[in-house]
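**Q** This is target.txt, which holds compact mmCIF, C-alpha atoms:
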```txt
# COMPACT_ATOMS: atom_id res chain seq x y z
CA MET A 1 -9.78 -16.69 -24.41
CA GLU A 2 -7.63 -19.71 -23.65
CA LYS A 3 -9.32 -22.58 -21.79
CA PHE A 4 -8.02 -23.44 -18.34
CA ALA A 5 -8.69 -26.40 -16.10
CA PRO A 6 -11.16 -25.18 -13.45
CA VAL A 7 -9.72 -24.32 -10.05
CA THR A 8 -12.12 -25.25 -7.24
CA ARG A 9 -12.08 -25.10 -3.45
CA SER A 10 -10.89 -28.37 -1.95
CA GLU A 11 -13.29 -28.17 0.99
CA ASP A 12 -16.47 -28.40 -1.06
CA GLY A 13 -15.48 -28.52 -4.73
CA GLN A 14 -17.24 -25.21 -5.30
CA PRO A 15 -15.85 -22.45 -7.56
CA VAL A 16 -13.31 -20.07 -6.03
CA ARG A 17 -15.13 -16.84 -5.09
CA TYR A 18 -13.52 -13.55 -6.06
CA LEU A 19 -13.82 -9.91 -5.04
CA ILE A 20 -12.34 -7.62 -7.72
CA VAL A 21 -11.18 -4.16 -6.65
CA ASP A 22 -10.11 -1.72 -9.35
CA ASP A 23 -11.19 1.84 -10.12
CA SER A 24 -11.34 0.95 -13.81
CA VAL A 25 -14.59 -0.73 -14.84
CA PHE A 26 -12.75 -1.94 -17.90
CA ALA A 27 -10.02 -3.61 -15.83
CA ARG A 28 -12.64 -5.24 -13.61
CA LYS A 29 -14.41 -6.68 -16.64
CA ASN A 30 -11.14 -8.05 -18.00
CA LEU A 31 -10.22 -9.67 -14.69
CA ALA A 32 -13.74 -11.06 -14.32
CA ARG A 33 -13.53 -12.69 -17.74
CA MET A 34 -10.20 -14.24 -16.81
CA VAL A 35 -11.23 -15.69 -13.47
CA GLU A 36 -14.45 -17.01 -14.97
CA SER A 37 -12.32 -18.80 -17.55
CA PHE A 38 -10.55 -20.43 -14.56
CA GLY A 39 -13.93 -21.69 -13.33
CA GLY A 40 -14.16 -18.96 -10.69
CA GLN A 41 -17.14 -16.91 -9.57
CA VAL A 42 -17.04 -13.13 -9.19
CA ILE A 43 -19.16 -12.36 -6.12
CA GLY A 44 -18.34 -8.68 -5.89
CA GLU A 45 -16.67 -5.73 -7.60
CA THR A 46 -15.75 -2.35 -6.27
CA GLY A 47 -13.63 0.63 -7.26
CA ASP A 48 -11.76 1.89 -4.19
CA GLY A 49 -10.00 0.74 -1.05
CA VAL A 50 -12.63 1.92 1.42
CA SER A 51 -15.45 -0.04 -0.15
CA ALA A 52 -13.10 -3.00 -0.64
CA ILE A 53 -12.87 -3.34 3.14
CA SER A 54 -16.65 -3.28 3.64
CA GLU A 55 -17.22 -5.61 0.71
CA TYR A 56 -14.69 -8.06 2.12
CA GLU A 57 -16.54 -8.04 5.47
CA ARG A 58 -19.86 -8.61 3.71
CA LEU A 59 -18.81 -11.23 1.18
CA THR A 60 -15.76 -13.01 2.68
CA PRO A 61 -14.38 -14.00 -0.73
CA ASP A 62 -11.74 -16.69 -1.21
CA ILE A 63 -9.50 -14.29 -3.13
CA VAL A 64 -9.34 -10.51 -3.55
CA LEU A 65 -7.77 -9.11 -6.71
CA MET A 66 -6.73 -5.60 -5.67
CA ASP A 67 -5.45 -2.68 -7.74
CA ILE A 68 -2.96 -0.32 -6.06
CA THR A 69 -3.51 3.14 -7.52
CA MET A 70 -7.09 4.02 -6.63
CA PRO A 71 -8.99 7.05 -5.32
CA GLN A 72 -9.88 7.52 -1.63
CA MET A 73 -7.76 4.68 -0.30
CA GLU A 74 -5.03 2.91 -2.22
CA GLY A 75 -4.88 -0.85 -2.53
CA ILE A 76 -1.90 -1.49 -0.27
CA GLU A 77 -3.51 0.33 2.65
CA ALA A 78 -6.82 -1.48 2.06
CA ALA A 79 -5.01 -4.83 1.92
CA GLU A 80 -3.27 -4.09 5.22
CA LYS A 81 -6.56 -3.24 6.93
CA ILE A 82 -8.28 -6.35 5.58
CA VAL A 83 -5.44 -8.67 6.61
CA ARG A 84 -5.21 -7.06 10.06
CA ASP A 85 -8.82 -8.08 10.74
CA HIS A 86 -8.75 -11.27 8.67
CA PRO A 87 -5.28 -12.83 8.79
CA GLY A 88 -6.35 -15.61 6.44
CA ALA A 89 -7.39 -13.21 3.67
CA ARG A 90 -5.85 -14.03 0.32
CA ILE A 91 -5.13 -10.77 -1.49
CA VAL A 92 -3.40 -10.59 -4.85
CA MET A 93 -2.27 -7.13 -5.89
CA VAL A 94 -2.87 -6.42 -9.59
CA SER A 95 -1.28 -3.19 -10.77
CA SER A 96 0.60 -1.61 -13.63
CA VAL A 97 2.89 0.05 -11.09
CA GLY A 98 5.11 -2.86 -10.18
CA TYR A 99 8.37 -1.40 -8.97
CA GLN A 100 10.26 -3.25 -6.30
CA GLU A 101 9.39 -0.96 -3.38
CA ASN A 102 5.69 -1.24 -4.18
CA ILE A 103 5.80 -5.01 -4.36
CA VAL A 104 7.75 -5.30 -1.11
CA ALA A 105 5.36 -2.88 0.62
CA ALA A 106 2.36 -4.89 -0.56
CA LEU A 107 3.82 -8.21 0.57
CA GLN A 108 4.94 -6.80 3.92
CA ARG A 109 1.43 -5.59 4.58
CA GLY A 110 -0.16 -8.94 3.94
CA ALA A 111 -0.72 -9.38 0.22
CA ARG A 112 0.01 -12.92 -0.94
CA HIS A 113 1.23 -12.12 -4.46
CA PHE A 114 1.66 -9.41 -7.07
CA VAL A 115 0.66 -9.50 -10.75
CA GLN A 116 1.68 -6.72 -13.10
CA LYS A 117 -0.70 -5.26 -15.69
CA PRO A 118 -1.31 -5.89 -18.50
CA VAL A 119 -2.33 -9.19 -16.98
CA LYS A 120 -1.57 -12.34 -18.91
CA PRO A 121 -4.25 -14.97 -18.17
CA GLU A 122 -1.72 -17.78 -17.87
CA VAL A 123 0.26 -15.79 -15.27
CA LEU A 124 -2.83 -14.98 -13.20
CA TYR A 125 -3.93 -18.62 -13.41
CA GLU A 126 -0.66 -19.86 -11.92
CA VAL A 127 -0.82 -17.20 -9.19
CA ILE A 128 -4.37 -18.21 -8.27
CA LYS A 129 -3.34 -21.85 -7.96
CA TYR A 130 -0.35 -20.77 -5.86
CA VAL A 131 -2.26 -18.62 -3.38
CA MET A 132 -4.99 -21.25 -3.02
CA ARG A 133 -2.48 -23.99 -2.31
CA ASP A 134 -3.02 -23.77 1.47
CA ASP A 135 -6.63 -24.69 0.74
CA GLY A 136 -5.32 -27.82 -0.96
CA THR A 137 -6.94 -26.54 -4.11
CA THR A 138 -5.69 -27.84 -7.42
CA ALA A 139 -6.95 -27.62 -10.92
CA ARG A 140 -8.88 -30.67 -12.04
CA SER A 141 -6.33 -31.19 -14.80
CA ALA A 142 -2.72 -30.19 -14.35
CA GLY A 143 -1.56 -26.92 -15.89
CA ALA A 144 -3.10 -24.36 -18.14
CA GLY A 145 -4.60 -25.03 -21.51
CA ALA A 146 -6.07 -28.38 -20.57
CA MET B 1 14.43 16.18 -21.99
CA ARG B 2 16.78 13.44 -20.90
CA MET B 3 16.37 10.21 -22.83
CA GLU B 4 16.57 8.14 -19.66
CA LEU B 5 13.19 9.62 -18.71
CA ILE B 6 11.62 9.07 -22.11
CA GLN B 7 12.82 5.65 -23.15
CA PRO B 8 10.73 3.76 -20.56
CA PHE B 9 7.57 5.37 -21.95
CA ILE B 10 8.46 4.34 -25.50
CA ASN B 11 9.25 0.78 -24.43
CA SER B 12 6.13 0.51 -22.32
CA ALA B 13 3.81 1.86 -25.05
CA ASP B 14 5.37 -0.53 -27.51
CA ALA B 15 4.88 -3.53 -25.24
CA VAL B 16 1.38 -2.72 -23.95
CA LEU B 17 -0.09 -1.65 -27.31
CA ALA B 18 1.48 -4.61 -29.12
CA GLN B 19 0.02 -7.01 -26.54
CA GLY B 20 -3.36 -5.31 -26.59
CA LEU B 21 -3.62 -5.20 -30.36
CA GLN B 22 -1.69 -8.39 -31.06
CA SER B 23 0.26 -6.55 -33.73
CA ALA B 24 3.44 -4.52 -34.09
CA ILE B 25 3.49 -0.76 -33.61
CA SER B 26 5.98 1.84 -34.75
CA ILE B 27 6.96 5.34 -33.68
CA GLU B 28 6.04 7.77 -36.43
CA ASN B 29 7.43 10.93 -34.90
CA LEU B 30 9.04 12.34 -31.82
CA THR B 31 8.83 16.11 -31.37
CA MET B 32 9.45 18.69 -28.69
CA GLU B 33 6.35 20.82 -28.24
CA GLU B 34 6.36 24.34 -26.91
CA GLU B 35 2.78 25.27 -27.73
CA ALA B 36 -0.21 24.02 -25.73
CA TYR B 37 -1.05 20.43 -26.51
CA ARG B 38 -4.07 20.00 -28.78
CA ARG B 39 -6.09 16.90 -28.04
CA LYS B 40 -6.57 14.64 -31.06
CA GLY B 41 -9.04 12.07 -29.81
CA ILE B 42 -9.93 10.46 -26.50
CA ALA B 43 -7.28 11.37 -23.98
CA ALA B 44 -6.29 10.44 -20.46
CA GLU B 45 -3.96 12.39 -18.20
CA VAL B 46 -1.77 11.00 -15.44
CA CYS B 47 0.02 13.24 -12.93
CA LEU B 48 3.26 12.30 -11.23
CA THR B 49 4.57 13.78 -8.00
CA GLY B 50 7.92 13.29 -6.30
CA GLU B 51 11.50 13.69 -7.44
CA VAL B 52 10.19 13.90 -10.99
CA GLU B 53 6.98 15.85 -11.42
CA GLY B 54 4.68 16.51 -14.31
CA ARG B 55 2.00 14.93 -16.39
CA ILE B 56 1.57 12.56 -19.27
CA ILE B 57 -1.31 12.73 -21.73
CA PHE B 58 -2.21 9.53 -23.54
CA ASP B 59 -4.27 10.43 -26.60
CA VAL B 60 -5.93 7.99 -28.99
CA ASP B 61 -7.83 8.93 -32.14
CA LEU B 62 -11.42 7.73 -32.17
CA GLY B 63 -10.95 4.96 -34.72
CA ALA B 64 -8.01 3.53 -32.85
CA ALA B 65 -9.82 3.89 -29.52
CA LEU B 66 -12.80 1.92 -30.85
CA GLN B 67 -10.58 -0.87 -32.11
CA LEU B 68 -8.50 -0.95 -28.95
CA ALA B 69 -11.63 -1.09 -26.79
CA SER B 70 -13.10 -3.85 -28.96
CA ARG B 71 -9.90 -5.85 -28.87
CA LEU B 72 -9.46 -5.50 -25.15
CA ALA B 73 -13.12 -6.03 -24.25
CA GLY B 74 -13.44 -9.03 -26.52
CA VAL B 75 -16.68 -7.67 -27.99
CA GLU B 76 -17.46 -5.18 -30.76
CA VAL B 77 -17.50 -1.69 -29.27
CA SER B 78 -19.21 1.13 -31.16
CA GLU B 79 -19.17 4.92 -30.84
CA THR B 80 -22.35 4.71 -28.78
CA ASP B 81 -20.45 2.84 -26.05
CA GLU B 82 -18.72 6.05 -25.02
CA ASP B 83 -18.12 5.01 -21.43
CA LEU B 84 -16.49 1.74 -22.43
CA VAL B 85 -14.23 3.46 -24.97
CA ARG B 86 -13.16 6.04 -22.39
CA GLU B 87 -12.55 3.30 -19.84
CA ALA B 88 -10.38 1.45 -22.35
CA VAL B 89 -8.26 4.55 -22.96
CA LEU B 90 -7.95 5.23 -19.23
CA GLU B 91 -6.91 1.66 -18.52
CA LEU B 92 -4.38 1.61 -21.36
CA ALA B 93 -2.93 4.89 -20.08
CA ASN B 94 -2.74 3.37 -16.62
CA GLN B 95 -0.90 0.31 -17.93
CA ILE B 96 1.54 2.14 -20.21
CA ILE B 97 2.41 4.88 -17.76
CA GLY B 98 2.44 2.49 -14.81
CA ASN B 99 4.89 0.17 -16.54
CA ALA B 100 7.15 3.11 -17.47
CA VAL B 101 7.01 4.44 -13.93
CA THR B 102 7.97 0.98 -12.68
CA THR B 103 11.11 1.04 -14.82
CA LEU B 104 11.99 4.58 -13.74
CA ASN B 105 11.51 3.75 -10.07
CA ASP B 106 13.74 0.73 -10.38
CA GLN B 107 16.35 3.06 -11.97
CA GLY B 108 16.28 5.27 -8.88
CA PHE B 109 13.67 7.92 -9.73
CA HIS B 110 11.15 8.03 -6.90
CA PHE B 111 7.70 9.44 -7.45
CA HIS B 112 4.03 8.72 -6.98
CA VAL B 113 1.42 8.14 -9.68
CA ARG B 114 -2.12 9.44 -9.42
CA PRO B 115 -5.01 7.55 -11.03
CA PRO B 116 -5.62 8.54 -14.67
CA VAL B 117 -8.35 11.06 -15.39
CA LEU B 118 -10.02 11.96 -18.68
CA HIS B 119 -8.38 14.92 -20.40
CA THR B 120 -11.34 16.66 -21.95
CA ALA B 121 -9.98 20.14 -22.68
CA GLU B 122 -9.22 20.79 -26.33
CA GLN B 123 -5.90 22.32 -25.32
CA GLY B 124 -3.55 21.56 -22.47
CA SER B 125 -1.36 24.07 -20.69
CA LYS B 126 1.78 25.27 -22.42
CA SER B 127 5.05 23.70 -21.50
CA SER B 128 7.44 25.92 -19.61
CA GLU B 129 11.16 26.33 -19.46
CA ASP B 130 11.56 23.75 -16.71
CA THR B 131 8.79 21.43 -17.89
CA GLU B 132 9.86 20.04 -21.22
CA ALA B 133 7.12 18.40 -23.27
CA LEU B 134 7.81 15.67 -25.76
CA VAL B 135 5.14 14.29 -28.07
CA MET B 136 5.45 10.74 -29.32
CA GLY B 137 3.29 9.55 -32.18
CA PHE B 138 2.74 5.82 -32.54
CA ASN B 139 1.31 4.15 -35.60
CA THR B 140 -0.72 1.04 -34.85
CA SER B 141 -2.72 -1.28 -37.04
CA SER B 142 -5.83 0.39 -35.58
CA GLY B 143 -4.82 4.03 -35.94
CA ASN B 144 -2.73 6.67 -34.24
CA VAL B 145 -1.80 6.96 -30.61
CA PHE B 146 -0.02 9.96 -29.09
CA MET B 147 1.73 10.45 -25.82
CA ASN B 148 2.67 13.90 -24.54
CA VAL B 149 5.21 13.69 -21.73
CA ALA B 150 5.94 16.86 -19.71
CA LEU B 151 8.21 16.16 -16.76
CA ARG B 152 10.69 18.12 -14.71
CA TYR B 153 13.09 17.30 -11.94
CA HIS B 154 11.54 18.46 -8.70
CA ARG B 155 14.88 18.29 -6.92
CA ARG B 156 18.32 17.17 -7.85
CA ARG B 157 19.08 13.53 -7.37
CA ALA B 158 21.98 12.49 -5.19
CA PRO B 159 25.20 12.58 -7.28
CA GLU B 160 25.96 8.89 -6.77
CA THR B 161 22.42 7.92 -7.86
CA ALA B 162 22.55 10.18 -10.89
CA ALA B 163 25.90 8.74 -11.87
CA VAL B 164 24.54 5.20 -11.80
CA ALA B 165 21.43 6.07 -13.81
CA GLY B 166 22.93 8.57 -16.15
```
Output the structure of this file as structure tokens.
**A**
Amino acid sequence: MEKFAPVTRSEDGQPVRYLIVDDSVFARKNLARMVESFGGQVIGETGDGVSAISEYERLTPDIVLMDITMPQMEGIEAAEKIVRDHPGARIVMVSSVGYQENIVAALQRGARHFVQKPVKPEVLYEVIKYVMRDDGTTARSAGAGA
Amino acid sequence: MRMELIQPFINSADAVLAQGLQSAISIENLTMEEEAYRRKGIAAEVCLTGEVEGRIIFDVDLGAALQLASRLAGVEVSETDEDLVREAVLELANQIIGNAVTTLNDQGFHFHVRPPVLHTAEQGSKSSEDTEALVMGFNTSSGNVFMNVALRYHRRRAPETAAVAG
């Protein structure tokens, strides 16, 4: 996988901590590999919206990567519930179903960004830098591939 | 079956498989199927509900599934890693069908996608008069991939919408 300049938290220089929510183990592994290549740390994984809410409460990650189409509770509803209780939550929706209404619904309910599957690492990298910008976080070297 | 429903699936399979395998793919055949679908390898099924209803079966022969899983996982996957191979097929189905559904929604067809499930039966249900089934066979560098699309209009679209899309 392509090498990326590590993205760290500005407050303490520590790796960005991720919670990955996807009902596909395979998709979670792929996303984990990507964020680790960005210098991130996966602190939790789960496969549905209900457990995503409890895992967010328990782990308070810097970023949640959230699928939309999942059993029990879909990602948009879970994102809304998390943001309602934690307005500062940074949630990035990651889904193959990326039609306009879905994206608008996700953003209106508090998601910060949307990435369509199949995920390209360079796209996710730029999105991560973008949603962490209010933290003042920047990559140690500018741009991808450094 | 109307081509406007099918073309997004062809385009999406082409794009997702080509990206996953890092090689070109081609459509080997495109047939209407009236008999029950016979599974050829590891298959996932996705159901759609809404203005367009039905199901899509994404079916990958074992050799292709192993190579796809290995490519996508970044490690060598063998037949003993059954769960990982199944997960790879489910996730590819999710991506291909999800991307096609995205295109169709943006064209004015509104429906909901359920999460993919493994299709383990040897045979699927027969297509019916109002549920046309089309089987697409793709040739990849890793083997054969099939997609069986059986969709029907749940209700007529508004004339002005149909005119724009059609």
**Q** Would you kindly report the residues of chain B within 10 Å of chain A, using all atoms listed in the file, as a PyMOL selection string?
**A** chain B and resi 15-17+19-20+69+72-74+83-107+110+112-116
**Q** Would you pick out the contacts of A:Met66 at 8 Å or less, using all atoms listed in the file, so that residues sharing its chain but fewer than 5 positions from it are not included, and give the list as a PDB file with C-alpha atoms, in the frame of the given file?
**A**
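selection_6.pdb was written with the following content:
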```
ATOM      1  CA  ILE A  20     -12.340  -7.620  -7.720  1.00  0.00           C
ATOM      2  CA  VAL A  21     -11.180  -4.160  -6.650  1.00  0.00           C
ATOM      3  CA  ASP A  22     -10.110  -1.720  -9.350  1.00  0.00           C
ATOM      4  CA  GLY A  75      -4.880  -0.850  -2.530  1.00  0.00           C
ATOM      5  CA  ALA A  79      -5.010  -4.830   1.920  1.00  0.00           C
ATOM      6  CA  ILE A  91      -5.130 -10.770  -1.490  1.00  0.00           C
ATOM      7  CA  VAL A  92      -3.400 -10.590  -4.850  1.00  0.00           C
ATOM      8  CA  MET A  93      -2.270  -7.130  -5.890  1.00  0.00           C
ATOM      9  CA  VAL A  94      -2.870  -6.420  -9.590  1.00  0.00           C
ATOM     10  CA  SER A  95      -1.280  -3.190 -10.770  1.00  0.00           C
TER      11      SER A  95
END
```
**Q** Could you please determine the separation between atom CA of B:Val117 and atom CA of B:Glu45 in Å, to one decimal place?
**A**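 Taking atom CA of B:Val117 as the start and atom CA of B:Glu45 as the end point, the length is 5.4 Å.
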**Q** Quick one: what's the axis-aligned box for stretch 62-80 of chain A, all listed atoms, 5 Å on every side, centre and edges in Å to one decimal, as AutoDock Vina command-line options?
**A**
```
--center_x -6.8 --center_y -4.6 --center_z -1.3 --size_x 19.8 --size_y 34.2 --size_z 23.0
```
**Q** Would you work out the distance separating atom CA of A:Glu77 from atom CA of A:Leu59, expressed in Å to one decimal?
**A**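 Pair atom CA of A:Glu77 / atom CA of A:Leu59 returns 19.2 Å.
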**Q** Just want the 6 Å neighbourhood of stretch 30-33 of chain B, counted on only C-alpha atoms, with same-chain residues fewer than 6 positions away dropped. Output as a PyMOL selection string.
**A** chain B and resi 133-136
**Q** Report as a VMD selection string all protein, DNA and RNA residues lying within 9 Å of B:Ala64, evaluated on all atoms listed in the file, omitting residues in the same chain fewer than 5 positions from it.
**A** chain B and resid 69 140 to 145
**Q** Atom CA of B:Leu68 and atom CA of B:Leu21, how far apart in Å?
**A**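 Atom-to-atom, atom CA of B:Leu21 to atom CA of B:Leu68, that is 6.6 Å.
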**Q** Name all residues at most 9 Å from B:Glu28 (count only C-alpha atoms; drop same-chain ones fewer than 5 positions away) and give them as a list of chain:residue names.
**A**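 Everything that qualifies: B:Met136, B:Gly137, B:Phe138, B:Asn139.
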**Q** So that I can check the surroundings of B:Glu79, please list as a PyMOL selection string every protein, DNA and RNA residue that reaches within 10 Å of it, counting all atoms listed in the file and ignoring chain neighbours fewer than 6 positions away.
**A** chain B and resi 62-63+65-66+85
